[in-house]
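Chemist: target_39.cif is the file, holding mmCIF, N, CA and C atoms:
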```
data_input
loop_
_atom_site.group_PDB
_atom_site.id
_atom_site.type_symbol
_atom_site.label_atom_id
_atom_site.label_comp_id
_atom_site.auth_asym_id
_atom_site.auth_seq_id
_atom_site.Cartn_x
_atom_site.Cartn_y
_atom_site.Cartn_z
ATOM 1 N N MET A 1 0.843 -1.181 0.000
ATOM 2 C CA MET A 1 0.000 0.000 0.000
ATOM 3 C C MET A 1 0.887 1.243 0.000
ATOM 4 N N GLN A 2 0.413 2.242 -0.722
ATOM 5 C CA GLN A 2 1.139 3.507 -0.791
ATOM 6 C C GLN A 2 0.890 4.314 0.471
ATOM 7 N N GLY A 3 1.368 5.557 0.480
ATOM 8 C CA GLY A 3 1.270 6.442 1.632
ATOM 9 C C GLY A 3 -0.124 6.987 1.868
ATOM 10 N N ALA A 4 -0.272 8.311 1.752
ATOM 11 C CA ALA A 4 -1.515 8.980 2.095
ATOM 12 C C ALA A 4 -2.134 9.665 0.878
ATOM 13 N N LEU A 5 -3.471 9.724 0.872
ATOM 14 C CA LEU A 5 -4.215 10.375 -0.196
ATOM 15 C C LEU A 5 -5.267 11.264 0.432
ATOM 16 N N PHE A 6 -5.395 12.489 -0.090
ATOM 17 C CA PHE A 6 -6.465 13.390 0.325
ATOM 18 C C PHE A 6 -7.501 13.450 -0.780
ATOM 19 N N ILE A 7 -8.782 13.298 -0.429
ATOM 20 C CA ILE A 7 -9.883 13.434 -1.376
ATOM 21 C C ILE A 7 -10.707 14.634 -0.928
ATOM 22 N N GLY A 8 -10.767 15.662 -1.767
ATOM 23 C CA GLY A 8 -11.541 16.847 -1.406
ATOM 24 C C GLY A 8 -11.310 17.987 -2.366
ATOM 25 N N ASP A 9 -11.729 19.173 -1.933
ATOM 26 C CA ASP A 9 -11.640 20.360 -2.781
ATOM 27 C C ASP A 9 -10.189 20.806 -2.963
ATOM 28 N N GLU A 10 -9.962 21.548 -4.021
ATOM 29 C CA GLU A 10 -8.602 21.979 -4.388
ATOM 30 C C GLU A 10 -7.958 22.877 -3.332
ATOM 31 N N LEU A 11 -8.727 23.764 -2.717
ATOM 32 C CA LEU A 11 -8.154 24.685 -1.736
ATOM 33 C C LEU A 11 -7.620 23.925 -0.520
ATOM 34 N N THR A 12 -8.418 23.027 0.017
ATOM 35 C CA THR A 12 -7.973 22.225 1.158
ATOM 36 C C THR A 12 -6.828 21.305 0.748
ATOM 37 N N ALA A 13 -6.889 20.808 -0.484
ATOM 38 C CA ALA A 13 -5.870 19.888 -0.989
ATOM 39 C C ALA A 13 -4.483 20.522 -1.046
ATOM 40 N N THR A 14 -4.426 21.828 -1.196
ATOM 41 C CA THR A 14 -3.138 22.517 -1.306
ATOM 42 C C THR A 14 -2.240 22.228 -0.105
ATOM 43 N N GLY A 15 -2.793 22.307 1.084
ATOM 44 C CA GLY A 15 -2.009 22.036 2.293
ATOM 45 C C GLY A 15 -1.537 20.595 2.363
ATOM 46 N N PHE A 16 -2.399 19.671 1.977
ATOM 47 C CA PHE A 16 -2.016 18.264 2.001
ATOM 48 C C PHE A 16 -0.978 17.953 0.928
ATOM 49 N N ARG A 17 -1.059 18.639 -0.196
ATOM 50 C CA ARG A 17 -0.054 18.462 -1.245
ATOM 51 C C ARG A 17 1.308 18.909 -0.729
ATOM 52 N N LEU A 18 1.341 20.042 -0.009
ATOM 53 C CA LEU A 18 2.595 20.536 0.562
ATOM 54 C C LEU A 18 3.157 19.586 1.619
ATOM 55 N N ALA A 19 2.265 18.850 2.275
ATOM 56 C CA ALA A 19 2.697 17.895 3.297
ATOM 57 C C ALA A 19 3.134 16.558 2.700
ATOM 58 N N GLY A 20 2.997 16.412 1.383
ATOM 59 C CA GLY A 20 3.470 15.201 0.728
ATOM 60 C C GLY A 20 2.404 14.173 0.408
ATOM 61 N N CYS A 21 1.139 14.508 0.619
ATOM 62 C CA CYS A 21 0.053 13.580 0.292
ATOM 63 C C CYS A 21 -0.264 13.623 -1.196
ATOM 64 N N ASP A 22 -0.738 12.508 -1.724
ATOM 65 C CA ASP A 22 -1.314 12.512 -3.056
ATOM 66 C C ASP A 22 -2.688 13.165 -2.954
ATOM 67 N N ILE A 23 -3.141 13.751 -4.042
ATOM 68 C CA ILE A 23 -4.378 14.533 -4.038
ATOM 69 C C ILE A 23 -5.340 13.987 -5.073
ATOM 70 N N LEU A 24 -6.626 13.996 -4.726
ATOM 71 C CA LEU A 24 -7.670 13.621 -5.665
ATOM 72 C C LEU A 24 -8.859 14.545 -5.427
ATOM 73 N N SER A 25 -9.270 15.245 -6.478
ATOM 74 C CA SER A 25 -10.440 16.125 -6.402
ATOM 75 C C SER A 25 -11.436 15.680 -7.473
ATOM 76 N N PRO A 26 -12.194 14.611 -7.184
ATOM 77 C CA PRO A 26 -13.100 14.059 -8.190
ATOM 78 C C PRO A 26 -14.358 14.904 -8.367
ATOM 79 N N GLU A 27 -15.013 14.717 -9.505
ATOM 80 C CA GLU A 27 -16.312 15.341 -9.749
ATOM 81 C C GLU A 27 -17.336 14.668 -8.839
ATOM 82 N N ASP A 28 -18.493 15.289 -8.656
ATOM 83 C CA ASP A 28 -19.508 14.782 -7.727
ATOM 84 C C ASP A 28 -19.884 13.320 -7.960
ATOM 85 N N GLY A 29 -20.140 12.920 -9.202
ATOM 86 C CA GLY A 29 -20.563 11.552 -9.474
ATOM 87 C C GLY A 29 -19.454 10.528 -9.376
ATOM 88 N N ASP A 30 -18.218 10.972 -9.325
ATOM 89 C CA ASP A 30 -17.079 10.062 -9.326
ATOM 90 C C ASP A 30 -16.481 9.826 -7.942
ATOM 91 N N ILE A 31 -17.079 10.373 -6.911
ATOM 92 C CA ILE A 31 -16.463 10.309 -5.587
ATOM 93 C C ILE A 31 -16.464 8.897 -5.010
ATOM 94 N N THR A 32 -17.591 8.191 -5.070
ATOM 95 C CA THR A 32 -17.645 6.844 -4.487
ATOM 96 C C THR A 32 -16.668 5.883 -5.157
ATOM 97 N N PRO A 33 -16.629 5.792 -6.497
ATOM 98 C CA PRO A 33 -15.637 4.887 -7.098
ATOM 99 C C PRO A 33 -14.190 5.307 -6.804
ATOM 100 N N ALA A 34 -13.938 6.608 -6.771
ATOM 101 C CA ALA A 34 -12.586 7.088 -6.460
ATOM 102 C C ALA A 34 -12.205 6.717 -5.033
ATOM 103 N N PHE A 35 -13.141 6.820 -4.106
ATOM 104 C CA PHE A 35 -12.901 6.469 -2.705
ATOM 105 C C PHE A 35 -12.605 4.975 -2.573
ATOM 106 N N GLU A 36 -13.397 4.152 -3.246
ATOM 107 C CA GLU A 36 -13.188 2.704 -3.171
ATOM 108 C C GLU A 36 -11.814 2.312 -3.732
ATOM 109 N N THR A 37 -11.415 2.926 -4.831
ATOM 110 C CA THR A 37 -10.094 2.670 -5.414
ATOM 111 C C THR A 37 -8.993 3.120 -4.456
ATOM 112 N N ALA A 38 -9.175 4.297 -3.851
ATOM 113 C CA ALA A 38 -8.180 4.826 -2.906
ATOM 114 C C ALA A 38 -8.007 3.893 -1.711
ATOM 115 N N CYS A 39 -9.100 3.315 -1.236
ATOM 116 C CA CYS A 39 -9.022 2.414 -0.081
ATOM 117 C C CYS A 39 -8.237 1.142 -0.399
ATOM 118 N N ARG A 40 -8.202 0.744 -1.639
ATOM 119 C CA ARG A 40 -7.416 -0.435 -2.029
ATOM 120 C C ARG A 40 -5.937 -0.108 -2.215
ATOM 121 N N LYS A 41 -5.620 1.151 -2.526
ATOM 122 C CA LYS A 41 -4.250 1.513 -2.885
ATOM 123 C C LYS A 41 -3.458 2.200 -1.780
ATOM 124 N N TYR A 42 -4.132 2.905 -0.866
ATOM 125 C CA TYR A 42 -3.425 3.756 0.097
ATOM 126 C C TYR A 42 -3.566 3.241 1.524
ATOM 127 N N ALA A 43 -2.575 3.537 2.346
ATOM 128 C CA ALA A 43 -2.595 3.171 3.759
ATOM 129 C C ALA A 43 -3.395 4.176 4.585
ATOM 130 N N LEU A 44 -3.459 5.433 4.118
ATOM 131 C CA LEU A 44 -4.193 6.491 4.809
ATOM 132 C C LEU A 44 -5.007 7.255 3.774
ATOM 133 N N VAL A 45 -6.319 7.362 4.015
ATOM 134 C CA VAL A 45 -7.205 8.107 3.121
ATOM 135 C C VAL A 45 -7.874 9.196 3.949
ATOM 136 N N ILE A 46 -7.595 10.444 3.596
ATOM 137 C CA ILE A 46 -8.164 11.603 4.282
ATOM 138 C C ILE A 46 -9.236 12.174 3.372
ATOM 139 N N VAL A 47 -10.451 12.321 3.899
ATOM 140 C CA VAL A 47 -11.593 12.742 3.084
ATOM 141 C C VAL A 47 -12.208 13.993 3.699
ATOM 142 N N SER A 48 -12.465 15.007 2.866
ATOM 143 C CA SER A 48 -13.151 16.198 3.377
ATOM 144 C C SER A 48 -14.593 15.830 3.703
ATOM 145 N N ALA A 49 -15.205 16.550 4.629
ATOM 146 C CA ALA A 49 -16.576 16.255 5.050
ATOM 147 C C ALA A 49 -17.553 16.370 3.886
ATOM 148 N N ALA A 50 -17.332 17.321 2.993
ATOM 149 C CA ALA A 50 -18.221 17.488 1.841
ATOM 150 C C ALA A 50 -18.166 16.258 0.938
ATOM 151 N N CYS A 51 -16.982 15.733 0.688
ATOM 152 C CA CYS A 51 -16.857 14.532 -0.141
ATOM 153 C C CYS A 51 -17.390 13.304 0.596
ATOM 154 N N ALA A 52 -17.192 13.241 1.895
ATOM 155 C CA ALA A 52 -17.682 12.097 2.668
ATOM 156 C C ALA A 52 -19.195 11.987 2.570
ATOM 157 N N ARG A 53 -19.884 13.115 2.510
ATOM 158 C CA ARG A 53 -21.340 13.090 2.377
ATOM 159 C C ARG A 53 -21.776 12.555 1.022
ATOM 160 N N ALA A 54 -20.933 12.679 0.009
ATOM 161 C CA ALA A 54 -21.266 12.217 -1.339
ATOM 162 C C ALA A 54 -20.945 10.740 -1.554
ATOM 163 N N ILE A 55 -20.184 10.149 -0.636
ATOM 164 C CA ILE A 55 -19.827 8.731 -0.737
ATOM 165 C C ILE A 55 -20.971 7.911 -0.173
ATOM 166 N N ASP A 56 -21.190 6.734 -0.770
ATOM 167 C CA ASP A 56 -22.207 5.819 -0.269
ATOM 168 C C ASP A 56 -21.992 5.622 1.238
ATOM 169 N N LYS A 57 -23.029 5.897 2.026
ATOM 170 C CA LYS A 57 -22.895 5.945 3.485
ATOM 171 C C LYS A 57 -22.391 4.630 4.081
ATOM 172 N N LYS A 58 -22.926 3.509 3.640
ATOM 173 C CA LYS A 58 -22.503 2.215 4.188
ATOM 174 C C LYS A 58 -21.033 1.939 3.864
ATOM 175 N N ASN A 59 -20.640 2.200 2.621
ATOM 176 C CA ASN A 59 -19.238 1.995 2.238
ATOM 177 C C ASN A 59 -18.308 2.863 3.072
ATOM 178 N N PHE A 60 -18.705 4.114 3.292
ATOM 179 C CA PHE A 60 -17.854 5.019 4.063
ATOM 180 C C PHE A 60 -17.756 4.571 5.519
ATOM 181 N N GLN A 61 -18.874 4.187 6.114
ATOM 182 C CA GLN A 61 -18.855 3.733 7.505
ATOM 183 C C GLN A 61 -18.020 2.461 7.659
ATOM 184 N N ASP A 62 -18.164 1.526 6.724
ATOM 185 C CA ASP A 62 -17.372 0.297 6.788
ATOM 186 C C ASP A 62 -15.881 0.600 6.682
ATOM 187 N N ALA A 63 -15.534 1.519 5.794
ATOM 188 C CA ALA A 63 -14.118 1.892 5.627
ATOM 189 C C ALA A 63 -13.579 2.564 6.880
ATOM 190 N N CYS A 64 -14.394 3.399 7.509
ATOM 191 C CA CYS A 64 -13.946 4.085 8.734
ATOM 192 C C CYS A 64 -13.731 3.100 9.885
ATOM 193 N N LEU A 65 -14.499 2.027 9.910
ATOM 194 C CA LEU A 65 -14.374 1.041 10.981
ATOM 195 C C LEU A 65 -13.219 0.065 10.770
ATOM 196 N N SER A 66 -12.771 -0.083 9.534
ATOM 197 C CA SER A 66 -11.660 -1.000 9.281
ATOM 198 C C SER A 66 -10.340 -0.299 9.634
ATOM 199 N N LEU A 67 -9.336 -1.094 9.888
ATOM 200 C CA LEU A 67 -8.041 -0.526 10.248
ATOM 201 C C LEU A 67 -7.128 -0.353 9.050
ATOM 202 N N LYS A 68 -7.449 -1.004 7.945
ATOM 203 C CA LYS A 68 -6.640 -0.882 6.730
ATOM 204 C C LYS A 68 -7.566 -0.617 5.574
ATOM 205 N N PRO A 69 -7.523 0.512 4.979
ATOM 206 C CA PRO A 69 -6.687 1.654 5.321
ATOM 207 C C PRO A 69 -7.316 2.454 6.464
ATOM 208 N N LEU A 70 -6.534 3.321 7.042
ATOM 209 C CA LEU A 70 -7.050 4.249 8.027
ATOM 210 C C LEU A 70 -7.758 5.362 7.264
ATOM 211 N N VAL A 71 -9.040 5.597 7.566
ATOM 212 C CA VAL A 71 -9.832 6.621 6.880
ATOM 213 C C VAL A 71 -10.186 7.707 7.879
ATOM 214 N N ILE A 72 -9.899 8.955 7.517
ATOM 215 C CA ILE A 72 -10.154 10.093 8.392
ATOM 216 C C ILE A 72 -10.998 11.109 7.648
ATOM 217 N N GLU A 73 -12.050 11.584 8.302
ATOM 218 C CA GLU A 73 -12.894 12.642 7.737
ATOM 219 C C GLU A 73 -12.539 13.955 8.431
ATOM 220 N N ILE A 74 -12.303 15.000 7.632
ATOM 221 C CA ILE A 74 -11.907 16.294 8.184
ATOM 222 C C ILE A 74 -12.794 17.403 7.627
ATOM 223 N N PRO A 75 -12.886 18.548 8.332
ATOM 224 C CA PRO A 75 -13.608 19.689 7.756
ATOM 225 C C PRO A 75 -12.790 20.314 6.632
ATOM 226 N N ASP A 76 -13.457 21.050 5.749
ATOM 227 C CA ASP A 76 -12.703 21.737 4.705
ATOM 228 C C ASP A 76 -12.046 22.977 5.297
ATOM 229 N N ILE A 77 -11.149 23.585 4.571
ATOM 230 C CA ILE A 77 -10.356 24.696 5.078
ATOM 231 C C ILE A 77 -11.206 25.927 5.403
ATOM 232 N N MET A 78 -12.335 26.086 4.723
ATOM 233 C CA MET A 78 -13.211 27.235 4.942
ATOM 234 C C MET A 78 -14.218 26.994 6.071
ATOM 235 N N GLY A 79 -14.290 25.776 6.590
ATOM 236 C CA GLY A 79 -15.207 25.466 7.681
ATOM 237 C C GLY A 79 -16.657 25.374 7.250
ATOM 238 N N ARG A 80 -16.909 25.189 5.957
ATOM 239 C CA ARG A 80 -18.285 25.108 5.460
ATOM 240 C C ARG A 80 -18.922 23.777 5.785
ATOM 241 N N HIS A 81 -18.136 22.725 5.805
ATOM 242 C CA HIS A 81 -18.656 21.377 6.054
ATOM 243 C C HIS A 81 -17.873 20.764 7.205
ATOM 244 N N GLU A 82 -18.576 20.411 8.242
ATOM 245 C CA GLU A 82 -17.949 19.804 9.409
ATOM 246 C C GLU A 82 -18.266 18.310 9.438
ATOM 247 N N PRO A 83 -17.336 17.480 9.881
ATOM 248 C CA PRO A 83 -17.635 16.056 10.039
ATOM 249 C C PRO A 83 -18.658 15.859 11.147
ATOM 250 N N GLU A 84 -19.315 14.725 11.112
ATOM 251 C CA GLU A 84 -20.300 14.403 12.140
ATOM 252 C C GLU A 84 -19.606 14.298 13.496
ATOM 253 N N ASP A 85 -20.236 14.824 14.528
ATOM 254 C CA ASP A 85 -19.692 14.761 15.877
ATOM 255 C C ASP A 85 -20.002 13.380 16.460
ATOM 256 N N LEU A 86 -19.036 12.469 16.374
ATOM 257 C CA LEU A 86 -19.267 11.093 16.807
ATOM 258 C C LEU A 86 -19.469 10.975 18.312
ATOM 259 N N ALA A 87 -18.773 11.794 19.085
ATOM 260 C CA ALA A 87 -18.936 11.738 20.536
ATOM 261 C C ALA A 87 -20.366 12.109 20.921
ATOM 262 N N ARG A 88 -20.919 13.135 20.267
ATOM 263 C CA ARG A 88 -22.305 13.529 20.544
ATOM 264 C C ARG A 88 -23.269 12.425 20.127
ATOM 265 N N ARG A 89 -23.005 11.806 18.981
ATOM 266 C CA ARG A 89 -23.877 10.732 18.506
ATOM 267 C C ARG A 89 -23.904 9.563 19.487
ATOM 268 N N VAL A 90 -22.758 9.229 20.079
ATOM 269 C CA VAL A 90 -22.695 8.156 21.076
ATOM 270 C C VAL A 90 -23.498 8.548 22.305
ATOM 271 N N ARG A 91 -23.339 9.812 22.763
ATOM 272 C CA ARG A 91 -24.095 10.263 23.951
ATOM 273 C C ARG A 91 -25.593 10.213 23.700
ATOM 274 N N VAL A 92 -26.041 10.621 22.530
ATOM 275 C CA VAL A 92 -27.473 10.582 22.188
ATOM 276 C C VAL A 92 -27.950 9.147 22.136
ATOM 277 N N THR A 93 -27.165 8.259 21.533
ATOM 278 C CA THR A 93 -27.544 6.843 21.438
ATOM 279 C C THR A 93 -27.658 6.210 22.810
ATOM 280 N N LEU A 94 -26.774 6.590 23.714
ATOM 281 C CA LEU A 94 -26.820 6.051 25.072
ATOM 282 C C LEU A 94 -27.874 6.717 25.942
ATOM 283 N N GLY A 95 -28.482 7.781 25.463
ATOM 284 C CA GLY A 95 -29.511 8.481 26.219
ATOM 285 C C GLY A 95 -28.975 9.475 27.222
ATOM 286 N N VAL A 96 -27.700 9.772 27.160
ATOM 287 C CA VAL A 96 -27.079 10.715 28.089
ATOM 288 C C VAL A 96 -27.385 12.153 27.663
ATOM 289 N N GLU A 97 -27.581 12.358 26.378
ATOM 290 C CA GLU A 97 -27.819 13.689 25.827
ATOM 291 C C GLU A 97 -28.989 13.591 24.853
ATOM 292 N N ILE A 98 -29.719 14.694 24.756
ATOM 293 C CA ILE A 98 -30.864 14.715 23.841
ATOM 294 C C ILE A 98 -30.467 15.342 22.535
#
```
Would you mind giving the structure from this file in structure tokens?

Modeler:
Amino acid sequence: MQGALFIGDELTATGFRLAGCDILSPEDGDITPAFETACRKYALVIVSAACARAIDKKNFQDACLSLKPLVIEIPDIMGRHEPEDLARRVRVTLGVEI
């Protein structure tokens, strides 16, 4: 498996490119197949929250739960799209928070 790949918008990708990551900015309809291919080729797949919403939900959740590759969802650089707050979701599921 190769190193790291960022999937997301060009502006956010700039920082990851400078850090040495490979970059992929697919069109809207091409995100799910690009994500699936990336998961087979890379050890680390970093996905912007906007792109994560466009990926088939079950495929994305399964990939996040597996250890190979490591999949991370991040907000975009402008803060327009935030990843789901998993800690809050756990608290709501457990009935600790409404």

Chemist: As an exercise, work out the distance from atom CA of A:Glu10 to atom CA of A:Gly29 in Å and give it to one decimal place.

Modeler: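 Computed distance, atom CA of A:Glu10 to atom CA of A:Gly29, equals 16.7 Å.
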
Chemist: Of the candidates A:Arg91, A:Lys41, A:Leu5, A:Thr12, which shows the shortest atom-to-atom distance to A:Leu24, using only C-alpha atoms?

Modeler: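 So, comparing all the options, the nearest one is A:Leu5.
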
Chemist: Kindly give the distance, in Å, that separates atom C of A:Ile23 and atom N of A:Val71, rounded to a single decimal.

Modeler: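 Interatomic distance, atom C of A:Ile23 to atom N of A:Val71: 15.6 Å.
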
Chemist: Pick the closest to A:Asp30 from A:Ala54, A:Val47, A:Leu11, A:Ile74: which is it, counting only C-alpha atoms?

Modeler: A:Ala54

Chemist: Measuring atom to atom with only N, CA and C atoms, identify which of A:Leu67, A:Pro75, A:Gly3, A:Pro26 is nearest to A:Leu44.

Modeler: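 Among the listed residues, the smallest separation from A:Leu44 belongs to A:Gly3.
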
Chemist: Atom C of A:Ala52 to atom CA of A:Gln2: how many Å, to one decimal?

Modeler: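 According to the coordinates, atom C of A:Ala52 and atom CA of A:Gln2 are separated by 22.3 Å.
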
Chemist: Would you please work out which residue, of A:Gly8, A:Thr93, A:Ala43, A:Ser25, is nearest to A:Ser66 when using only C-alpha atoms?

Modeler: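 That would be A:Ala43, the residue with the smallest distance to A:Ser66.
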
Chemist: For the file shown, report as a CSV table (one decimal) with N, CA and C atoms, keeping the file's coordinate frame the outcome of the PyMOL selection byres (((chain A and resi 73 and name CA) around 12) and name CA) at residue level.

Modeler:
```csv
chain,number,residue,atom,x,y,z
A,5,LEU,N,-3.5,9.7,0.9
A,5,LEU,CA,-4.2,10.4,-0.2
A,5,LEU,C,-5.3,11.3,0.4
A,6,PHE,N,-5.4,12.5,-0.1
A,6,PHE,CA,-6.5,13.4,0.3
A,6,PHE,C,-7.5,13.4,-0.8
A,7,ILE,N,-8.8,13.3,-0.4
A,7,ILE,CA,-9.9,13.4,-1.4
A,7,ILE,C,-10.7,14.6,-0.9
A,8,GLY,N,-10.8,15.7,-1.8
A,8,GLY,CA,-11.5,16.8,-1.4
A,8,GLY,C,-11.3,18.0,-2.4
A,44,LEU,N,-3.5,5.4,4.1
A,44,LEU,CA,-4.2,6.5,4.8
A,44,LEU,C,-5.0,7.3,3.8
A,45,VAL,N,-6.3,7.4,4.0
A,45,VAL,CA,-7.2,8.1,3.1
A,45,VAL,C,-7.9,9.2,3.9
A,46,ILE,N,-7.6,10.4,3.6
A,46,ILE,CA,-8.2,11.6,4.3
A,46,ILE,C,-9.2,12.2,3.4
A,47,VAL,N,-10.5,12.3,3.9
A,47,VAL,CA,-11.6,12.7,3.1
A,47,VAL,C,-12.2,14.0,3.7
A,48,SER,N,-12.5,15.0,2.9
A,48,SER,CA,-13.2,16.2,3.4
A,48,SER,C,-14.6,15.8,3.7
A,49,ALA,N,-15.2,16.6,4.6
A,49,ALA,CA,-16.6,16.3,5.0
A,49,ALA,C,-17.6,16.4,3.9
A,50,ALA,N,-17.3,17.3,3.0
A,50,ALA,CA,-18.2,17.5,1.8
A,50,ALA,C,-18.2,16.3,0.9
A,51,CYS,N,-17.0,15.7,0.7
A,51,CYS,CA,-16.9,14.5,-0.1
A,51,CYS,C,-17.4,13.3,0.6
A,52,ALA,N,-17.2,13.2,1.9
A,52,ALA,CA,-17.7,12.1,2.7
A,52,ALA,C,-19.2,12.0,2.6
A,53,ARG,N,-19.9,13.1,2.5
A,53,ARG,CA,-21.3,13.1,2.4
A,53,ARG,C,-21.8,12.6,1.0
A,55,ILE,N,-20.2,10.1,-0.6
A,55,ILE,CA,-19.8,8.7,-0.7
A,55,ILE,C,-21.0,7.9,-0.2
A,60,PHE,N,-18.7,4.1,3.3
A,60,PHE,CA,-17.9,5.0,4.1
A,60,PHE,C,-17.8,4.6,5.5
A,61,GLN,N,-18.9,4.2,6.1
A,61,GLN,CA,-18.9,3.7,7.5
A,61,GLN,C,-18.0,2.5,7.7
A,63,ALA,N,-15.5,1.5,5.8
A,63,ALA,CA,-14.1,1.9,5.6
A,63,ALA,C,-13.6,2.6,6.9
A,64,CYS,N,-14.4,3.4,7.5
A,64,CYS,CA,-13.9,4.1,8.7
A,64,CYS,C,-13.7,3.1,9.9
A,70,LEU,N,-6.5,3.3,7.0
A,70,LEU,CA,-7.0,4.2,8.0
A,70,LEU,C,-7.8,5.4,7.3
A,71,VAL,N,-9.0,5.6,7.6
A,71,VAL,CA,-9.8,6.6,6.9
A,71,VAL,C,-10.2,7.7,7.9
A,72,ILE,N,-9.9,9.0,7.5
A,72,ILE,CA,-10.2,10.1,8.4
A,72,ILE,C,-11.0,11.1,7.6
A,74,ILE,N,-12.3,15.0,7.6
A,74,ILE,CA,-11.9,16.3,8.2
A,74,ILE,C,-12.8,17.4,7.6
A,75,PRO,N,-12.9,18.5,8.3
A,75,PRO,CA,-13.6,19.7,7.8
A,75,PRO,C,-12.8,20.3,6.6
A,76,ASP,N,-13.5,21.0,5.7
A,76,ASP,CA,-12.7,21.7,4.7
A,76,ASP,C,-12.0,23.0,5.3
A,81,HIS,N,-18.1,22.7,5.8
A,81,HIS,CA,-18.7,21.4,6.1
A,81,HIS,C,-17.9,20.8,7.2
A,82,GLU,N,-18.6,20.4,8.2
A,82,GLU,CA,-17.9,19.8,9.4
A,82,GLU,C,-18.3,18.3,9.4
A,83,PRO,N,-17.3,17.5,9.9
A,83,PRO,CA,-17.6,16.1,10.0
A,83,PRO,C,-18.7,15.9,11.1
A,84,GLU,N,-19.3,14.7,11.1
A,84,GLU,CA,-20.3,14.4,12.1
A,84,GLU,C,-19.6,14.3,13.5
A,85,ASP,N,-20.2,14.8,14.5
A,85,ASP,CA,-19.7,14.8,15.9
A,85,ASP,C,-20.0,13.4,16.5
A,86,LEU,N,-19.0,12.5,16.4
A,86,LEU,CA,-19.3,11.1,16.8
A,86,LEU,C,-19.5,11.0,18.3
```

Chemist: List every residue of chain A that DSSP, applied to the backbone of this structure, places in strand (DSSP E or B), and write the result as number ranges by chain.

Modeler: A: 2-7, 22-24, 42-48, 70-74

Chemist: Which one of A:Asp62, A:Asp22, A:Asp9, A:Asp56 sits closest to A:Ala38 if you count only C-alpha atoms?

Modeler: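 Checking each of A:Asp62, A:Asp22, A:Asp9, A:Asp56 against A:Ala38, counting only C-alpha atoms, the winner is A:Asp22.
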
Chemist: Out of A:Ala13, A:Cys21, A:Cys39, A:Ala4, which residue has the shortest atom-to-atom distance to A:Pro69 when counting only C-alpha atoms?

Modeler: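 Between A:Ala13, A:Cys21, A:Cys39, A:Ala4, the residue approaching A:Pro69 most closely is A:Cys39.
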
Chemist: DSSP on the backbone, helix (DSSP H, G or I) only: what residues of stretch 10-78 of chain A does that give? Format it as a ChimeraX atom specification.

Modeler: /A:10-18,28-41,49-54,57-65
